[in-house]
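Asker: One structure, as structure tokens, below. Some questions next.
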Amino acid sequence: MHPMLNTAIKAARRAGAIINRASLDLERLNVARKGPKDYVTEVDRAAEESIIDILRTAYPEHGFLGEESGTHAGSGSAAAEFQWIIDPLDGTTNFIHGFQHYAVSIALMQRGQATHAVIYDPSRNEMFTASRGSGAFLNDRRVRVSSCVRYHDALLASHIPQSTALPAHSPFVPLLADCAAARRTGSTVLDLAWVASGRLEGFCGVGLKPWDMAAGSLLVLESGGLVADFHGEQGWLESGNVLAAAPKIFTQMMAHLQA
């Protein structure tokens with residue numbers, strides 16, 4: 001295992017321990033609003049601080065982008081080349097309601113390309129990892145995307161804003177209606193990890209942030225899946241609009257959007 005990936009796993013487990021301890025006494029949580037239906041807790045901040053502390057100790061020259069604390073510049077020339085992108089608790093709304101579907105996400109970007117990824121589900125003790133060119137793993141077991149080929153058999157997940165009523169002519173309507181079922185789980189990073197491990201056939205996300213996608217996209221690619229924006233290009237990290245799926249399902253998802 002690459003030393004950088006091993007360090008990220010250590011950081012994810014530390015954050016997971018903080019999250020698990022807090023989950024035992026949710027009534028004592030201090031919860032604040034960042035925006036409509038967007039929450040942050042002291043657990044998010046403590047988990048992110050613990051991750052950055054471990055990574056910065058090991059790699060003081062690297063830069064960081066955290067959901068809660070923003071951008072941190074590195075201390076040396078490597079800051080321009082290496083950046084860690086961190087979501088300390090994706091699925092905060094689930095967490096504060098005791099709905100155990102949330103995860104820690106850590107990705108290392110090298111010159112803008114994800115090279116190592118960790119997604120840790122602390123409630124299930126499931127560690128998803130990937131390094132570019134080395135495959136994707138769940139608790140040290142190699143994983144692959146689903147072998148499903150028929151769209152009406154595919155189980156999808158989505159992150160489409162609930163506040164936006166979809167007009168009848170929206171391409172998202174047939175995209176979500178023609179598959180076997182569509183789920184909105186509340187944790188994009190776990191959705192992508194589950195696409196990588198074959199539990200879901202595909203994912204469609206709108207208006208996402210880099211910390212939602214960076215680690216999960218590498219997992220999907222390293223497990224044999226495809227990732228692109230809604231035009232079939234690689235601009236999803238900038239646009240925040242992404243499709244990720246097993247190859248044959250990906251093609252059919254793209255056809256629905258471009259019809």
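Residues in the structure tokens are named by chain (A, B, ... in the order shown) and by number from 1 within that chain; ligands are numbered from 1 in the order shown.
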Apply DSSP to the structure's backbone, then extract all residues of region 28-224 of chain A labelled strand (DSSP E) and return them as a PyMOL selection string.
Answerer: chain A and resi 31-35+38-41+63-66+70-72+82-90+103-110+113-121+126-131+136-138+141-142+155-159+181-183+202-205
Asker: Can you pull out the residues contacting Asp44 (chain A)? Cut-off 9 Å, using only C-alpha atoms, and skip same-chain residues under 4 positions away; I want them as a list in words.
Answerer: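 Result of the neighbour search: Ala15, Ile19, Val40, Glu48, Glu49, Glu68, Asp87, Pro88, Leu89, Asp90 and Thr92 of chain A.
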Asker: For Asp212 (chain A), which residue among A:Ala154, A:Val43, A:Val242, A:Ala196 is the nearest when counting only C-alpha atoms?
Answerer: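 Among the listed residues, the smallest separation from Asp212 (chain A) belongs to A:Val242.
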Asker: Give me the residues within 10 Å of region 221-226 of chain A as a PyMOL selection string, counting only C-alpha atoms and dropping any in the same chain fewer than 5 places off.
Answerer: chain A and resi 129-137+142-146+193+195-198+201-202+216+232+243-251
Asker: I want to know what sits within 12 Å of Arg13 (chain A), based on only C-alpha atoms, with residues of the same chain fewer than 3 positions away left out; could you give that as a PyMOL selection string?
Answerer: chain A and resi 6-10+16-20+47-48+50-51+54+88+103-106+118-123+125-128
Asker: Would you mind exporting C-alpha atoms of the selected residues as an mmCIF file, in the first residue's frame?
Answerer:
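Dumped everything to part_2.cif:
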```cif
data_model
loop_
_atom_site.group_PDB
_atom_site.id
_atom_site.type_symbol
_atom_site.label_atom_id
_atom_site.label_comp_id
_atom_site.auth_asym_id
_atom_site.auth_seq_id
_atom_site.Cartn_x
_atom_site.Cartn_y
_atom_site.Cartn_z
ATOM 1 C CA ASN A 6 -1.921 4.440 4.356
ATOM 2 C CA THR A 7 -1.747 7.849 6.045
ATOM 3 C CA ALA A 8 -5.157 8.791 4.639
ATOM 4 C CA ILE A 9 -6.631 5.568 6.023
ATOM 5 C CA LYS A 10 -5.196 6.390 9.454
ATOM 6 C CA GLY A 16 -14.531 7.818 12.197
ATOM 7 C CA ALA A 17 -13.797 7.262 15.877
ATOM 8 C CA ILE A 18 -14.819 10.858 16.631
ATOM 9 C CA ILE A 19 -18.044 10.390 14.667
ATOM 10 C CA ASN A 20 -18.888 7.067 16.318
ATOM 11 C CA ALA A 47 -13.281 15.287 12.420
ATOM 12 C CA GLU A 48 -11.824 17.644 9.810
ATOM 13 C CA SER A 50 -8.132 15.529 13.156
ATOM 14 C CA ILE A 51 -7.743 14.573 9.486
ATOM 15 C CA ILE A 54 -2.530 13.733 10.711
ATOM 16 C CA PRO A 88 -15.085 14.962 7.202
ATOM 17 C CA ALA A 103 -19.018 8.725 5.582
ATOM 18 C CA VAL A 104 -15.584 10.332 5.710
ATOM 19 C CA SER A 105 -14.003 11.200 2.347
ATOM 20 C CA ILE A 106 -10.325 11.969 1.661
ATOM 21 C CA VAL A 118 -10.387 6.845 0.927
ATOM 22 C CA ILE A 119 -14.067 6.700 1.827
ATOM 23 C CA TYR A 120 -14.784 5.351 5.302
ATOM 24 C CA ASP A 121 -18.229 4.381 6.569
ATOM 25 C CA PRO A 122 -17.713 4.359 10.367
ATOM 26 C CA SER A 123 -21.106 2.922 11.268
ATOM 27 C CA ASN A 125 -16.645 -0.157 9.527
ATOM 28 C CA GLU A 126 -16.277 -0.280 5.738
ATOM 29 C CA MET A 127 -13.120 1.226 4.267
ATOM 30 C CA PHE A 128 -13.167 1.907 0.514
#
```
Asker: If we count only C-alpha atoms, what is near Gln258 (chain A) at a cut-off of 12 Å, once residues fewer than 6 positions away on the same chain are taken out, given as a PDB file with all heavy atoms, in the first residue's frame?
Answerer:
```pdb
ATOM      1  N   SER A 170     -37.924  17.679 -18.555  1.00  0.00           N
ATOM      2  CA  SER A 170     -36.572  17.539 -18.022  1.00  0.00           C
ATOM      3  C   SER A 170     -36.012  16.163 -18.358  1.00  0.00           C
ATOM      4  O   SER A 170     -36.695  15.142 -18.204  1.00  0.00           O
ATOM      5  CB  SER A 170     -36.587  17.712 -16.504  1.00  0.00           C
ATOM      6  OG  SER A 170     -35.340  17.311 -15.955  1.00  0.00           O
ATOM      7  N   PRO A 171     -34.746  16.099 -18.790  1.00  0.00           N
ATOM      8  CA  PRO A 171     -34.143  14.790 -19.072  1.00  0.00           C
ATOM      9  C   PRO A 171     -33.978  13.935 -17.830  1.00  0.00           C
ATOM     10  O   PRO A 171     -33.806  12.720 -17.933  1.00  0.00           O
ATOM     11  CB  PRO A 171     -32.778  15.154 -19.669  1.00  0.00           C
ATOM     12  CG  PRO A 171     -32.496  16.525 -19.147  1.00  0.00           C
ATOM     13  CD  PRO A 171     -33.822  17.208 -19.056  1.00  0.00           C
ATOM     14  N   PHE A 172     -34.045  14.552 -16.626  1.00  0.00           N
ATOM     15  CA  PHE A 172     -33.924  13.766 -15.404  1.00  0.00           C
ATOM     16  C   PHE A 172     -35.154  12.903 -15.160  1.00  0.00           C
ATOM     17  O   PHE A 172     -35.074  11.897 -14.452  1.00  0.00           O
ATOM     18  CB  PHE A 172     -33.694  14.684 -14.206  1.00  0.00           C
ATOM     19  CG  PHE A 172     -32.400  15.435 -14.255  1.00  0.00           C
ATOM     20  CD1 PHE A 172     -32.397  16.812 -14.351  1.00  0.00           C
ATOM     21  CD2 PHE A 172     -31.190  14.765 -14.224  1.00  0.00           C
ATOM     22  CE1 PHE A 172     -31.203  17.524 -14.404  1.00  0.00           C
ATOM     23  CE2 PHE A 172     -29.999  15.455 -14.284  1.00  0.00           C
ATOM     24  CZ  PHE A 172     -30.001  16.834 -14.375  1.00  0.00           C
ATOM     25  N   PRO A 174     -37.111  10.943 -17.364  1.00  0.00           N
ATOM     26  CA  PRO A 174     -36.942   9.573 -17.870  1.00  0.00           C
ATOM     27  C   PRO A 174     -35.693   8.889 -17.314  1.00  0.00           C
ATOM     28  O   PRO A 174     -35.674   7.670 -17.136  1.00  0.00           O
ATOM     29  CB  PRO A 174     -36.853   9.751 -19.385  1.00  0.00           C
ATOM     30  CG  PRO A 174     -36.415  11.161 -19.579  1.00  0.00           C
ATOM     31  CD  PRO A 174     -37.039  11.931 -18.452  1.00  0.00           C
ATOM     32  N   LEU A 175     -34.647   9.671 -17.053  1.00  0.00           N
ATOM     33  CA  LEU A 175     -33.426   9.087 -16.494  1.00  0.00           C
ATOM     34  C   LEU A 175     -33.728   8.323 -15.217  1.00  0.00           C
ATOM     35  O   LEU A 175     -33.252   7.199 -15.015  1.00  0.00           O
ATOM     36  CB  LEU A 175     -32.401  10.188 -16.221  1.00  0.00           C
ATOM     37  CG  LEU A 175     -31.110   9.750 -15.521  1.00  0.00           C
ATOM     38  CD1 LEU A 175     -30.186   9.044 -16.492  1.00  0.00           C
ATOM     39  CD2 LEU A 175     -30.411  10.936 -14.878  1.00  0.00           C
ATOM     40  N   ASP A 229     -19.080  14.496 -16.990  1.00  0.00           N
ATOM     41  CA  ASP A 229     -20.140  15.474 -16.796  1.00  0.00           C
ATOM     42  C   ASP A 229     -21.289  15.163 -17.751  1.00  0.00           C
ATOM     43  O   ASP A 229     -21.276  14.156 -18.456  1.00  0.00           O
ATOM     44  CB  ASP A 229     -19.620  16.905 -16.972  1.00  0.00           C
ATOM     45  CG  ASP A 229     -19.069  17.185 -18.372  1.00  0.00           C
ATOM     46  OD1 ASP A 229     -19.434  16.465 -19.325  1.00  0.00           O
ATOM     47  OD2 ASP A 229     -18.276  18.138 -18.506  1.00  0.00           O
ATOM     48  N   PHE A 230     -22.291  16.017 -17.788  1.00  0.00           N
ATOM     49  CA  PHE A 230     -23.488  15.720 -18.574  1.00  0.00           C
ATOM     50  C   PHE A 230     -23.265  15.836 -20.080  1.00  0.00           C
ATOM     51  O   PHE A 230     -24.155  15.514 -20.870  1.00  0.00           O
ATOM     52  CB  PHE A 230     -24.637  16.628 -18.150  1.00  0.00           C
ATOM     53  CG  PHE A 230     -25.096  16.412 -16.731  1.00  0.00           C
ATOM     54  CD1 PHE A 230     -25.890  17.359 -16.085  1.00  0.00           C
ATOM     55  CD2 PHE A 230     -24.740  15.270 -16.014  1.00  0.00           C
ATOM     56  CE1 PHE A 230     -26.326  17.167 -14.776  1.00  0.00           C
ATOM     57  CE2 PHE A 230     -25.163  15.067 -14.713  1.00  0.00           C
ATOM     58  CZ  PHE A 230     -25.947  16.024 -14.085  1.00  0.00           C
ATOM     59  N   HIS A 231     -22.078  16.306 -20.481  1.00  0.00           N
ATOM     60  CA  HIS A 231     -21.733  16.379 -21.900  1.00  0.00           C
ATOM     61  C   HIS A 231     -20.775  15.258 -22.296  1.00  0.00           C
ATOM     62  O   HIS A 231     -20.265  15.239 -23.411  1.00  0.00           O
ATOM     63  CB  HIS A 231     -21.105  17.740 -22.221  1.00  0.00           C
ATOM     64  CG  HIS A 231     -21.982  18.907 -21.897  1.00  0.00           C
ATOM     65  ND1 HIS A 231     -23.109  19.217 -22.638  1.00  0.00           N
ATOM     66  CD2 HIS A 231     -21.921  19.822 -20.897  1.00  0.00           C
ATOM     67  CE1 HIS A 231     -23.690  20.278 -22.110  1.00  0.00           C
ATOM     68  NE2 HIS A 231     -22.998  20.661 -21.057  1.00  0.00           N
ATOM     69  N   GLY A 232     -20.510  14.353 -21.363  1.00  0.00           N
ATOM     70  CA  GLY A 232     -19.587  13.268 -21.641  1.00  0.00           C
ATOM     71  C   GLY A 232     -18.134  13.679 -21.551  1.00  0.00           C
ATOM     72  O   GLY A 232     -17.249  12.932 -21.975  1.00  0.00           O
ATOM     73  N   THR A 251     -23.642   4.439 -20.481  1.00  0.00           N
ATOM     74  CA  THR A 251     -24.020   4.796 -21.848  1.00  0.00           C
ATOM     75  C   THR A 251     -25.508   5.102 -21.952  1.00  0.00           C
ATOM     76  O   THR A 251     -25.915   6.051 -22.616  1.00  0.00           O
ATOM     77  CB  THR A 251     -23.649   3.647 -22.805  1.00  0.00           C
ATOM     78  OG1 THR A 251     -22.241   3.399 -22.698  1.00  0.00           O
ATOM     79  CG2 THR A 251     -23.997   3.993 -24.250  1.00  0.00           C
ATOM     80  N   GLN A 252     -26.316   4.329 -21.263  1.00  0.00           N
ATOM     81  CA  GLN A 252     -27.756   4.535 -21.312  1.00  0.00           C
ATOM     82  C   GLN A 252     -28.191   5.756 -20.504  1.00  0.00           C
ATOM     83  O   GLN A 252     -29.120   6.467 -20.888  1.00  0.00           O
ATOM     84  CB  GLN A 252     -28.468   3.260 -20.820  1.00  0.00           C
ATOM     85  CG  GLN A 252     -28.213   2.059 -21.738  1.00  0.00           C
ATOM     86  CD  GLN A 252     -28.718   0.752 -21.147  1.00  0.00           C
ATOM     87  OE1 GLN A 252     -29.924   0.487 -21.146  1.00  0.00           O
ATOM     88  NE2 GLN A 252     -27.818  -0.067 -20.624  1.00  0.00           N
TER      89      GLN A 252
END
```
Asker: Ranking A:Leu155, A:Ile86, A:Met254, A:Glu233 by minimum distance to Val189 (chain A) and counting only C-alpha atoms, which one comes first?
Answerer: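 Checking each of A:Leu155, A:Ile86, A:Met254, A:Glu233 against Val189 (chain A), counting only C-alpha atoms, the winner is A:Ile86.
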Asker: Run DSSP on the backbone and tell me which residues of region 25-251 of chain A come out as alpha helix (DSSP H); list them as a PyMOL selection string.
Answerer: chain A and resi 42-58+92-96+172-177+188-196+210-222+236-239+247-251
Asker: Please, what distance in Å, to one decimal, runs between CA of Phe82 (chain A) and CA of Gln110 (chain A)?
Answerer: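 Pair CA of Phe82 (chain A) / CA of Gln110 (chain A) returns 4.7 Å.
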Asker: Pick out the closest residue to Trp194 (chain A) from this set: A:Ala182, A:Leu156, A:Leu208, A:Val227. Count only C-alpha atoms.
Answerer: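 Distance minimum relative to Trp194 (chain A) lands on A:Leu156.
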Asker: Give me the residues within 6 Å of Pro210 (chain A) as a list of chain:residue names, counting only C-alpha atoms and dropping any in the same chain fewer than 3 places off.
Answerer: A:Met213, A:Ala214, A:Leu237
Asker: So the first atom is CA of Arg183 (chain A) and the second is CA of Leu26 (chain A); what is the distance between them in Å, to one decimal place?
Answerer: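 Interatomic distance, CA of Arg183 (chain A) to CA of Leu26 (chain A): 25.4 Å.
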Asker: Kindly give the distance, in Å, that separates CA of Asn241 (chain A) and CA of Gly207 (chain A), rounded to a single decimal.
Answerer: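 Interatomic distance, CA of Asn241 (chain A) to CA of Gly207 (chain A): 5.6 Å.
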Asker: From the options A:Leu200, A:Ala58, A:Leu176, A:Leu219, which residue's atoms come nearest to Met253 (chain A), counting only C-alpha atoms?
Answerer: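 Going through A:Leu200, A:Ala58, A:Leu176, A:Leu219 one by one, the smallest distance to Met253 (chain A) is for A:Leu176.
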